[in-house]
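Chemist: Pasting a structure below so you can have a look.
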Protein chains: 2
Amino acid sequence: MPNLLLCLLLAAMMAPAQNLMPWPARIAHRDGRLELGTFRVALAGFRDTTLERAAARLVERLARRTGVPFPVGVAADASEATLVIECPQAGAAESYTLDVTPRQARIEAGAPAGALHGMETFLQLVEPGPGGFSIPAVRIEDSPRFGWRGLLIDASRHWMPAEVIKRNLDGMAAVKLNVLHWHLSDDQGFRVESKRYPRLQEMGSDGNYYTQAEVREIVAYARDRGIRVVPEFDMPGHTSAWFPGYPELAAFPGPYRIERGWGVIDACMDPTREEVYTFLDGFIGEMSELFPGEYFHIGGDEVNGKQWDASERIRAFKREHGMKSNDDLQAWFNQRLEKIVSSHGKKMVGWDEVAHPDLPKNVLVQSWRGQKALAELARQGYEGLLSFGYYLDLAQPASFHYANDPLGGPGASLSPAEQTRILGGEACLWAELVTPENVDGRIWPRLAAIAERLWSPVEVTDLSSMYRRMAVLSRNLDWLGLTHNRAYPTMLARIAGGHDPEPLRLLAGILEPVKNYTRHRGRAYRQDTPLNRLVDAVAPESLEARAFGEDAGAMLAGKPGIEKSVVARLRAWRDNDARLRAVLQDSFLGADVLPLSADVATLAAAGLDAIAYLASGKPAPAAWISQQKAVLKRAAAPRAELLIMIVPAIGSLVDRAAKPGGLRLEPTGAAPPATTPGRRRPPEGLRRH
Amino acid sequence: MPNLLLCLLLAAMMAPAQNLMPWPARIAHRDGRLELGTFRVALAGFRDTTLERAAARLVERLARRTGVPFPVGVAADASEATLVIECPQAGAAESYTLDVTPRQARIEAGAPAGALHGMETFLQLVEPGPGGFSIPAVRIEDSPRFGWRGLLIDASRHWMPAEVIKRNLDGMAAVKLNVLHWHLSDDQGFRVESKRYPRLQEMGSDGNYYTQAEVREIVAYARDRGIRVVPEFDMPGHTSAWFPGYPELAAFPGPYRIERGWGVIDACMDPTREEVYTFLDGFIGEMSELFPGEYFHIGGDEVNGKQWDASERIRAFKREHGMKSNDDLQAWFNQRLEKIVSSHGKKMVGWDEVAHPDLPKNVLVQSWRGQKALAELARQGYEGLLSFGYYLDLAQPASFHYANDPLGGPGASLSPAEQTRILGGEACLWAELVTPENVDGRIWPRLAAIAERLWSPVEVTDLSSMYRRMAVLSRNLDWLGLTHNRAYPTMLARIAGGHDPEPLRLLAGILEPVKNYTRHRGRAYRQDTPLNRLVDAVAPESLEARAFGEDAGAMLAGKPGIEKSVVARLRAWRDNDARLRAVLQDSFLGADVLPLSADVATLAAAGLDAIAYLASGKPAPAAWISQQKAVLKRAAAPRAELLIMIVPAIGSLVDRAAKPGGLRLEPTGAAPPATTPGRRRPPEGLRRH
């Protein structure tokens, strides 16, 4: 990108309205602030109940955020209002302008969808200023880069009650996402009430399903927040939970049970039987009324074909129809399904696997396979969504998701026309290892980084700005009732039993779960396995470790004034092990955590020693270095499904201590550490931390 | 108390079941633990729906606490159950035994009320043990010291929605309280729907009132938890909110408005008009059906008599009836009221002021005036409750409330028969400066200390045990949805705006609000004054400052191993001011807090210097001492309605540093601080912290 544009962008991010996320398309700062001594909101032009409810909600949220009991409701007279929302007509256009002067704020949008985004931006600007709560005078012109910005929530693997969905819809609206992809059936649970086929939920859900009234309420709740709901009923595979009630749908005779383990399961629908399509026509018809949105997701992923291969009847069917593979058979199934879905007025969506030469191009394809697969689909004429790289359950850092662009890599070589077929992307929260207790912590705040990738201009890529704004947003989501911040201390307290959990928090703050599918390789998790261990409590990304790494790096780069804080953290970690041992000694939930705690103490001591060597101006002796390398290697290995995230930062301190020249640090008067190769640390009296 | 008993008691408190609160009447430990690898609860003997619901709730709570998805519901077969609850009959008897062996736990109670208490005790015993969650084998025989253990919640001054009441009922049950005293009307709001006199809520509540359906739901919710509800409708004073709808009840003609300020208001009912009693008969009749409990509280406090004195008609009435004072007139009113209340099958309760020679002795008197007044009432033949010394809104420490015994002071000299007239006590949470946001933080965890005072044997007075157990309980209340822990960080984040609130938390942790009624003397608070400042966020009692004071004292008493932690805290406070300044510099909510922050930094530096002097073995010079005394004096003064609670501990460090002899501390190799009278601190290079 042009350097000038980058400079302007960075300058804007340092200006008063610096906490916005996602970052808007265009922003210009003005002088002054709009004081919120009183607050009234008014609607101008087009009025509808969605906008009226949104405006009323805005007042409530502002009152909660500020603690000021602003009068509720919407004002009749725009001239007296603090905020005027002007919207000429109904519609789904998402662009808006927000114009704030010291006298009044004004949101103009082509349709309510844009006005809703403008209100979220307005709320993000509110700060306690010198004279009271206020927002900076600013003009924002904003519109999304991609039209489809979604979150998939898997309510099947672990049941997610309605309140989980609702509070996450509030969070999604706050970061301008507009699609809830609701994964409602899978091998481990069928989660929607069907009145036509009631054994689906009666025998497939353990009693944990959304009633139709709840579905309607959630769909309306989403619509009020500018979010459309795309239901997914995965088929023909991932269907074990359909079969206890309706075994006749399956390729193999039953009886079936709800599947309790994870992975790709053999159970699969029988695409060769007409009764299956009759059933699906009835079912999809019923669900199409319940979910009024434009799209209907049929899944279509991970059919292993074992039941099909093992069935003489199905093999015969394939032969009769000249099908060479199970892919051909699934494509045949998908063609039938597409006609059914279309007949009920919906557009079909499916995962990568549904793409097939025989499939019509009006099917929207969601790619878990990656940008290359997605680009190929676009070339073939499919519209597509990217989900590869947005799997929140794999415990990747926000920076990883942030760098993952739907038009990145192979997507960049698409023609402009092909690029328009990439509608956007969806974050995915698969729930094998997620419960209602830790679900928000698995989604937030990292989802905000994905939301920004999908909303903001492609040039918005500055990581340190993103992390700073994400931290602000994460705290502000508390006001919406999201539980990522408040469930964490209670989960730690559970592990600590009656003890003060503070030492556990100090350790947990720099740990992360192992990544990708590693957890499944180490333990045979099942649906009823308690998810109450430290790995289930810690955040997928340690922002504390990240901040420490940045500070340690800045210190080594010669930035002044950081050492004290680096040393204070190292000291606290070094001294924490003994305290934590007292907390966890009797707890089965703590036993596998203590080796990590011991390593953190050793690492911290190594970091302190390294700084002492650096301050002494003399390189650390080779024996000490090799000893620390061994410590670092051991500490880098996962244990208890957890990783110590300060390892790289300690490693760079140790590496630097090995080099001659030292580092100019604050004057201390301390003696250089003694070099005693047989000890892990220099003698006590000579360390200065 | 006998020393042996004390020793036994303390030994019991150190044993495995050490986290119970309130502490039980008798406890004996056994060998082993009952493992909760699975968990089933069964009812034996008498069954009722209250017990069944309570047992089902116990399983849910256990599942939430442990994170283990125990099967829901109540088992049919007691022999296979982990916990058996045996209860022969219905009733309100509160005693129970809990018998835990490594094979099974058993609660035996004379009535469901006792069984409910036993279940709470059971839950408090659950810990993560070496092999999984478990509870220690133990036999507990328990019963309350006082039969009336209440909490008053004032829902009038600030509206408290139903969920506030419900979650606090859960908390009350957890500490075995059995009376919710629901303060439902006052000058600032009339909070219950009357169908007979609908203008009460329509014109007296700003729309914030409990519907009758909500009242019934809350009363049932309380009953399910062994808690009776006593409604209070305060009269003839504190009645401004009745009069906008029904000015004809008032001694002066209207029109009236809901009162927005605090204090004793002149508006008062007219006791001389028959229509008033007709109205009250109708109203109390309606409310007596809505609130099925035995007691009806008519308030009766703080009648200033100004309207009565100013009314020619009322003065004439008093003359005609030979009344010498307004007290006589109020007693006349109360006698009429007592007949009405009795006629609807209720026992009348009132505050101290209702006691009068003309009043029948069947009125229960609640004393806000103190033990002396209460003892006098008992001598006169009244039954009474103590609330003096239990006002949670006055920001007193738990130790203060814990030392406040209904039979303490003058009560101790009552005869045994008179003592039985003291039924117990009630904590009070008056809501002038309390909102739904900070209400739980004003109630919890200190209410647990009052609950223990009212439940446990009189010998249970060990403060450090109480504080340790209260901290455990406070964390466990999170599982019940109480918000005292989670509202605190969001209130701090509000003040910090977009900044990281951590430096603010570090300061706030050692501050307390000013005590008693001091806040009202400094500012003209009203109902719509935002309660969003630091004083509204900080806990009424700083447990961090308390712990620091204990540790500093122990260090000075020569206890080894504490210095490092004392020094670490002092350093953190010393270094916090610059960071906090960056957070609060632009915020109107922070401006008045910064002087406290600066003083905390100075105090911490003084503490560090004092320790350095002590370590040097030489007394601190007089100039330094006098300088620190000035600092301490300034820091002890309230600012921003806040107090710095580490002042006494720093004071004792400074005092000790003035004495010769020093203190044997851990070896450090540090030089003694330089004595430079013109500087607040010794030169940097010589300090060792």
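Each chain of the structure tokens is named A, B, ... in the order shown, its residues numbered from 1; ligands are numbered from 1 in display order.
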Run DSSP on the backbone of this structure and report the residues of stretch 600-649 of chain A it assigns to helix (DSSP H, G or I), as number ranges by chain.

Modeler: A: 600-616, 622-636, 647-649

Chemist: As a PyMOL selection string, could you give me every residue of chain A near chain B (at most 8 Å apart, counting only C-alpha atoms)?

Modeler: chain A and resi 19+65-69+127-132+472+475+478-479+486+490+493-500+528-532+586-589+667-669+685

Chemist: Contacts of stretch 631-646 of chain A at 8 Å or less, counting only C-alpha atoms, minus same-chain residues fewer than 2 places along, as a ChimeraX atom specification?

Modeler: /A:510-514,518-519,535,542,545-546,548-549,592-593,596,599-600,602-603,627-629,648-651

Chemist: Using only C-alpha atoms, which protein or nucleic acid residues come within 6 Å of stretch 135-152 of chain A? Drop anything in the same chain fewer than 2 positions from it, and give the result as a ChimeraX atom specification.

Modeler: /A:24-30,32-34,95-101,125-126,177-182,423-429,454-456

Chemist: Those same residues - N, CA, C and O atoms - I'd like them written as a CSV table (one decimal), in the first residue's frame.

Modeler:
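In the end it all went to out12.csv:
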chain,number,residue,atom,x,y,z
A,24,PRO,N,-13.2,1.7,10.6
A,24,PRO,CA,-14.0,2.1,9.6
A,24,PRO,C,-13.3,2.4,8.3
A,24,PRO,O,-12.1,2.6,8.2
A,25,ALA,N,-14.1,2.5,7.2
A,25,ALA,CA,-13.5,2.7,5.9
A,25,ALA,C,-12.8,4.1,5.8
A,25,ALA,O,-11.7,4.2,5.2
A,26,ARG,N,-13.5,5.1,6.3
A,26,ARG,CA,-12.9,6.4,6.2
A,26,ARG,C,-13.3,7.2,7.5
A,26,ARG,O,-14.4,7.1,8.0
A,27,ILE,N,-12.3,7.9,8.1
A,27,ILE,CA,-12.6,8.7,9.3
A,27,ILE,C,-11.8,10.0,9.2
A,27,ILE,O,-10.7,10.0,8.8
A,28,ALA,N,-12.5,11.1,9.6
A,28,ALA,CA,-11.8,12.4,9.6
A,28,ALA,C,-12.2,13.0,11.0
A,28,ALA,O,-13.3,13.0,11.4
A,29,HIS,N,-11.1,13.5,11.6
A,29,HIS,CA,-11.4,14.1,13.0
A,29,HIS,C,-11.7,15.6,12.9
A,29,HIS,O,-11.1,16.2,12.0
A,30,ARG,N,-12.5,16.0,13.8
A,30,ARG,CA,-12.8,17.4,13.9
A,30,ARG,C,-12.4,17.9,15.3
A,30,ARG,O,-12.0,17.1,16.1
A,32,GLY,N,-13.1,19.3,19.0
A,32,GLY,CA,-14.1,19.4,20.0
A,32,GLY,C,-14.7,18.0,20.2
A,32,GLY,O,-14.4,17.0,19.6
A,33,ARG,N,-15.7,18.0,21.1
A,33,ARG,CA,-16.4,16.8,21.5
A,33,ARG,C,-17.8,17.1,21.7
A,33,ARG,O,-18.2,18.2,22.0
A,34,LEU,N,-18.6,16.0,21.5
A,34,LEU,CA,-20.1,16.1,21.8
A,34,LEU,C,-20.2,15.6,23.3
A,34,LEU,O,-20.0,14.4,23.5
A,95,SER,N,-24.0,0.4,4.5
A,95,SER,CA,-23.1,1.5,4.6
A,95,SER,C,-23.8,2.6,5.5
A,95,SER,O,-25.0,2.6,5.6
A,96,TYR,N,-23.0,3.4,6.1
A,96,TYR,CA,-23.6,4.5,6.9
A,96,TYR,C,-22.5,5.6,7.0
A,96,TYR,O,-21.3,5.4,6.7
A,97,THR,N,-23.0,6.8,7.3
A,97,THR,CA,-22.0,7.8,7.8
A,97,THR,C,-22.4,8.2,9.2
A,97,THR,O,-23.6,8.2,9.6
A,98,LEU,N,-21.4,8.5,10.0
A,98,LEU,CA,-21.7,9.1,11.3
A,98,LEU,C,-20.9,10.4,11.4
A,98,LEU,O,-19.7,10.5,11.2
A,99,ASP,N,-21.7,11.4,11.7
A,99,ASP,CA,-21.2,12.8,11.6
A,99,ASP,C,-21.4,13.3,13.0
A,99,ASP,O,-22.5,13.5,13.5
A,100,VAL,N,-20.3,13.6,13.7
A,100,VAL,CA,-20.4,14.1,15.1
A,100,VAL,C,-19.8,15.5,15.1
A,100,VAL,O,-18.7,15.7,14.8
A,101,THR,N,-20.6,16.5,15.6
A,101,THR,CA,-20.1,17.8,15.9
A,101,THR,C,-20.3,18.0,17.4
A,101,THR,O,-21.0,17.3,18.0
A,125,LEU,N,-17.5,5.0,20.5
A,125,LEU,CA,-16.8,6.3,20.6
A,125,LEU,C,-16.9,6.9,22.0
A,125,LEU,O,-16.2,7.9,22.4
A,126,VAL,N,-17.9,6.4,22.8
A,126,VAL,CA,-18.2,7.0,24.1
A,126,VAL,C,-17.0,6.8,25.1
A,126,VAL,O,-16.5,5.7,25.3
A,177,LEU,N,-20.8,-8.1,12.5
A,177,LEU,CA,-21.0,-9.3,11.8
A,177,LEU,C,-22.5,-9.4,11.4
A,177,LEU,O,-23.4,-8.8,12.1
A,178,ASN,N,-22.8,-10.1,10.3
A,178,ASN,CA,-24.2,-10.1,9.9
A,178,ASN,C,-24.8,-11.5,9.6
A,178,ASN,O,-25.9,-11.6,9.1
A,179,VAL,N,-24.1,-12.6,9.9
A,179,VAL,CA,-24.6,-13.9,9.6
A,179,VAL,C,-24.3,-14.8,10.8
A,179,VAL,O,-23.2,-15.0,11.2
A,180,LEU,N,-25.4,-15.3,11.4
A,180,LEU,CA,-25.2,-16.4,12.4
A,180,LEU,C,-25.5,-17.7,11.6
A,180,LEU,O,-26.6,-18.0,11.1
A,181,HIS,N,-24.4,-18.5,11.5
A,181,HIS,CA,-24.5,-19.9,10.9
A,181,HIS,C,-24.7,-20.8,12.1
A,181,HIS,O,-23.8,-21.0,12.9
A,182,TRP,N,-25.9,-21.4,12.2
A,182,TRP,CA,-26.3,-22.1,13.4
A,182,TRP,C,-26.2,-23.6,13.1
A,182,TRP,O,-27.1,-24.1,12.3
A,423,LEU,N,-17.9,-14.1,-1.3
A,423,LEU,CA,-18.9,-13.2,-0.6
A,423,LEU,C,-18.3,-12.8,0.7
A,423,LEU,O,-18.8,-11.7,1.2
A,424,GLY,N,-17.4,-13.5,1.3
A,424,GLY,CA,-16.9,-13.1,2.6
A,424,GLY,C,-16.4,-14.4,3.3
A,424,GLY,O,-15.8,-15.3,2.7
A,425,GLY,N,-16.7,-14.4,4.6
A,425,GLY,CA,-16.1,-15.5,5.4
A,425,GLY,C,-16.9,-15.7,6.7
A,425,GLY,O,-17.8,-14.9,7.0
A,426,GLU,N,-16.6,-16.8,7.3
A,426,GLU,CA,-17.3,-17.2,8.5
A,426,GLU,C,-16.3,-17.8,9.5
A,426,GLU,O,-15.6,-18.7,9.2
A,427,ALA,N,-16.3,-17.2,10.7
A,427,ALA,CA,-15.6,-17.8,11.8
A,427,ALA,C,-16.4,-19.1,12.2
A,427,ALA,O,-17.6,-19.1,12.1
A,428,CYS,N,-15.7,-20.1,12.7
A,428,CYS,CA,-16.4,-21.3,13.1
A,428,CYS,C,-16.0,-21.7,14.6
A,428,CYS,O,-14.8,-21.7,14.9
A,429,LEU,N,-17.0,-22.0,15.4
A,429,LEU,CA,-16.7,-22.4,16.7
A,429,LEU,C,-17.3,-23.8,16.8
A,429,LEU,O,-18.5,-24.0,17.1
A,454,LEU,N,-12.9,-8.9,7.8
A,454,LEU,CA,-14.0,-9.1,6.8
A,454,LEU,C,-14.7,-7.7,6.5
A,454,LEU,O,-15.4,-7.5,5.5
A,455,TRP,N,-14.6,-6.8,7.5
A,455,TRP,CA,-15.3,-5.5,7.3
A,455,TRP,C,-14.3,-4.4,6.8
A,455,TRP,O,-14.7,-3.7,5.8
A,456,SER,N,-13.2,-4.3,7.3
A,456,SER,CA,-12.3,-3.1,7.1
A,456,SER,C,-11.6,-3.2,5.8
A,456,SER,O,-11.4,-4.2,5.2

Chemist: Excluding B:Phe296 and its own-chain neighbours fewer than 2 positions away, which residues fall within 7 Å of it when counting only C-alpha atoms? Please give them as a PyMOL selection string.

Modeler: chain B and resi 230-232+298+346-349

Chemist: Find the spatial neighbours of B:His117, counting only C-alpha atoms, within a cut-off of 8 Å - ignore same-chain residues fewer than 3 positions away - and output them as a list in words.

Modeler: Glu94, Ser95, Tyr96, Ala113, Gly114, Glu120, Thr121, Ala173, Ala174 and Lys176 of chain B

Chemist: For the residues in that selection, give me N, CA and C atoms as a short mmCIF file (atom, residue, chain, number, x, y, z; two decimals), in the first residue's frame.

Modeler:
data_model
loop_
_atom_site.label_atom_id
_atom_site.label_comp_id
_atom_site.auth_asym_id
_atom_site.auth_seq_id
_atom_site.Cartn_x
_atom_site.Cartn_y
_atom_site.Cartn_z
N GLU B 94 -35.31 -26.07 61.96
CA GLU B 94 -34.14 -25.78 61.15
C GLU B 94 -32.94 -26.66 61.45
N SER B 95 -33.01 -27.49 62.48
CA SER B 95 -31.83 -28.28 62.80
C SER B 95 -31.69 -29.46 61.84
N TYR B 96 -30.48 -29.92 61.72
CA TYR B 96 -30.21 -31.06 60.84
C TYR B 96 -28.92 -31.73 61.30
N ALA B 113 -37.05 -27.45 56.25
CA ALA B 113 -36.21 -26.27 56.48
C ALA B 113 -34.81 -26.69 56.90
N GLY B 114 -34.73 -27.66 57.81
CA GLY B 114 -33.43 -28.15 58.25
C GLY B 114 -32.70 -28.88 57.13
N GLU B 120 -27.03 -27.10 51.93
CA GLU B 120 -26.05 -26.02 51.76
C GLU B 120 -24.72 -26.40 52.39
N THR B 121 -24.79 -27.01 53.57
CA THR B 121 -23.55 -27.45 54.22
C THR B 121 -22.84 -28.48 53.36
N ALA B 173 -29.82 -18.09 51.26
CA ALA B 173 -29.97 -19.51 51.58
C ALA B 173 -28.60 -20.16 51.79
N ALA B 174 -27.62 -19.72 51.02
CA ALA B 174 -26.29 -20.32 51.14
C ALA B 174 -25.68 -20.07 52.51
N LYS B 176 -27.67 -19.62 55.19
CA LYS B 176 -28.69 -20.07 56.15
C LYS B 176 -29.50 -18.93 56.76
#

Chemist: Using only C-alpha atoms, pick whichever of B:Gly662, B:Gly350, B:Gly263, B:Pro271 has the shortest atom-to-atom distance to B:Leu249.

Modeler: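 Once distances to B:Leu249 are computed over only C-alpha atoms, the minimum belongs to B:Pro271.
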
Chemist: From the set B:Gly441, B:Leu447, B:Asn334, B:Ala552, which residue has the shortest atom-to-atom contact distance to B:Val538, counting only C-alpha atoms?

Modeler: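 With only C-alpha atoms as the atom set, the closest residue is B:Gly441.
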
Chemist: Would you please extract all strand (DSSP E or B) residues from stretch 390-444 of chain B, as assigned by DSSP on the backbone, and give them as a ChimeraX atom specification?

Modeler: /B:391,422-429

Chemist: Please indicate the distance in Å from atom CA of B:Leu663 to atom CA of B:Gly617, rounded to one decimal place.

Modeler: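 Atom CA of B:Gly617 lies 6.5 Å from atom CA of B:Leu663.
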
Chemist: Find the spatial neighbours of A:Trp444, counting only C-alpha atoms, within a cut-off of 9 Å - ignore same-chain residues fewer than 3 positions away - and output them as a compact mmCIF listing (two decimals) with N, CA, C and O atoms, in the first residue's frame.

Modeler:
# COMPACT_ATOMS: atom_id res chain seq x y z
N GLY A 171 -22.84 -9.67 20.77
CA GLY A 171 -21.42 -9.46 20.50
C GLY A 171 -21.14 -9.34 19.01
O GLY A 171 -20.37 -8.48 18.56
N VAL A 439 -17.66 -21.18 26.27
CA VAL A 439 -17.86 -20.87 24.85
C VAL A 439 -17.50 -19.42 24.51
O VAL A 439 -16.83 -19.15 23.50
N ASP A 440 -17.89 -18.48 25.37
CA ASP A 440 -17.59 -17.08 25.05
C ASP A 440 -16.08 -16.84 25.03
O ASP A 440 -15.57 -16.07 24.21
N GLY A 441 -15.37 -17.51 25.91
CA GLY A 441 -13.92 -17.37 25.95
C GLY A 441 -13.23 -17.98 24.74
O GLY A 441 -12.11 -17.62 24.40
N LEU A 447 -12.75 -13.23 17.82
CA LEU A 447 -13.70 -13.06 16.71
C LEU A 447 -13.64 -11.63 16.15
O LEU A 447 -13.87 -11.41 14.95
N ALA A 448 -13.32 -10.68 17.01
CA ALA A 448 -13.28 -9.28 16.56
C ALA A 448 -12.21 -9.08 15.50
O ALA A 448 -12.36 -8.24 14.59
N SER A 474 -12.80 -6.11 24.08
CA SER A 474 -13.04 -7.28 24.93
C SER A 474 -13.65 -6.86 26.26
O SER A 474 -14.60 -7.47 26.75
N LEU A 477 -17.31 -5.67 25.83
CA LEU A 477 -18.30 -6.73 25.61
C LEU A 477 -18.92 -7.21 26.91
O LEU A 477 -20.00 -7.80 26.91
N LEU A 482 -21.62 -10.78 27.71
CA LEU A 482 -20.75 -11.88 27.30
C LEU A 482 -19.89 -12.31 28.48
O LEU A 482 -19.54 -11.50 29.35
N HIS A 484 -16.87 -14.11 28.56
CA HIS A 484 -15.48 -14.54 28.40
C HIS A 484 -14.60 -14.02 29.53
O HIS A 484 -13.66 -14.70 29.94

Chemist: Enter the distance from atom CA of B:Ser343 to atom CA of B:Gly282, in Å, rounded to one decimal.

Modeler: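 Separation between atom CA of B:Ser343 and atom CA of B:Gly282: 11.3 Å.
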
Chemist: Which residue, B:Leu507, B:Leu580, B:Ile85, B:Leu433, has the smallest gap to B:Trp159 when you use only C-alpha atoms?

Modeler: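 With only C-alpha atoms as the atom set, the closest residue is B:Leu433.
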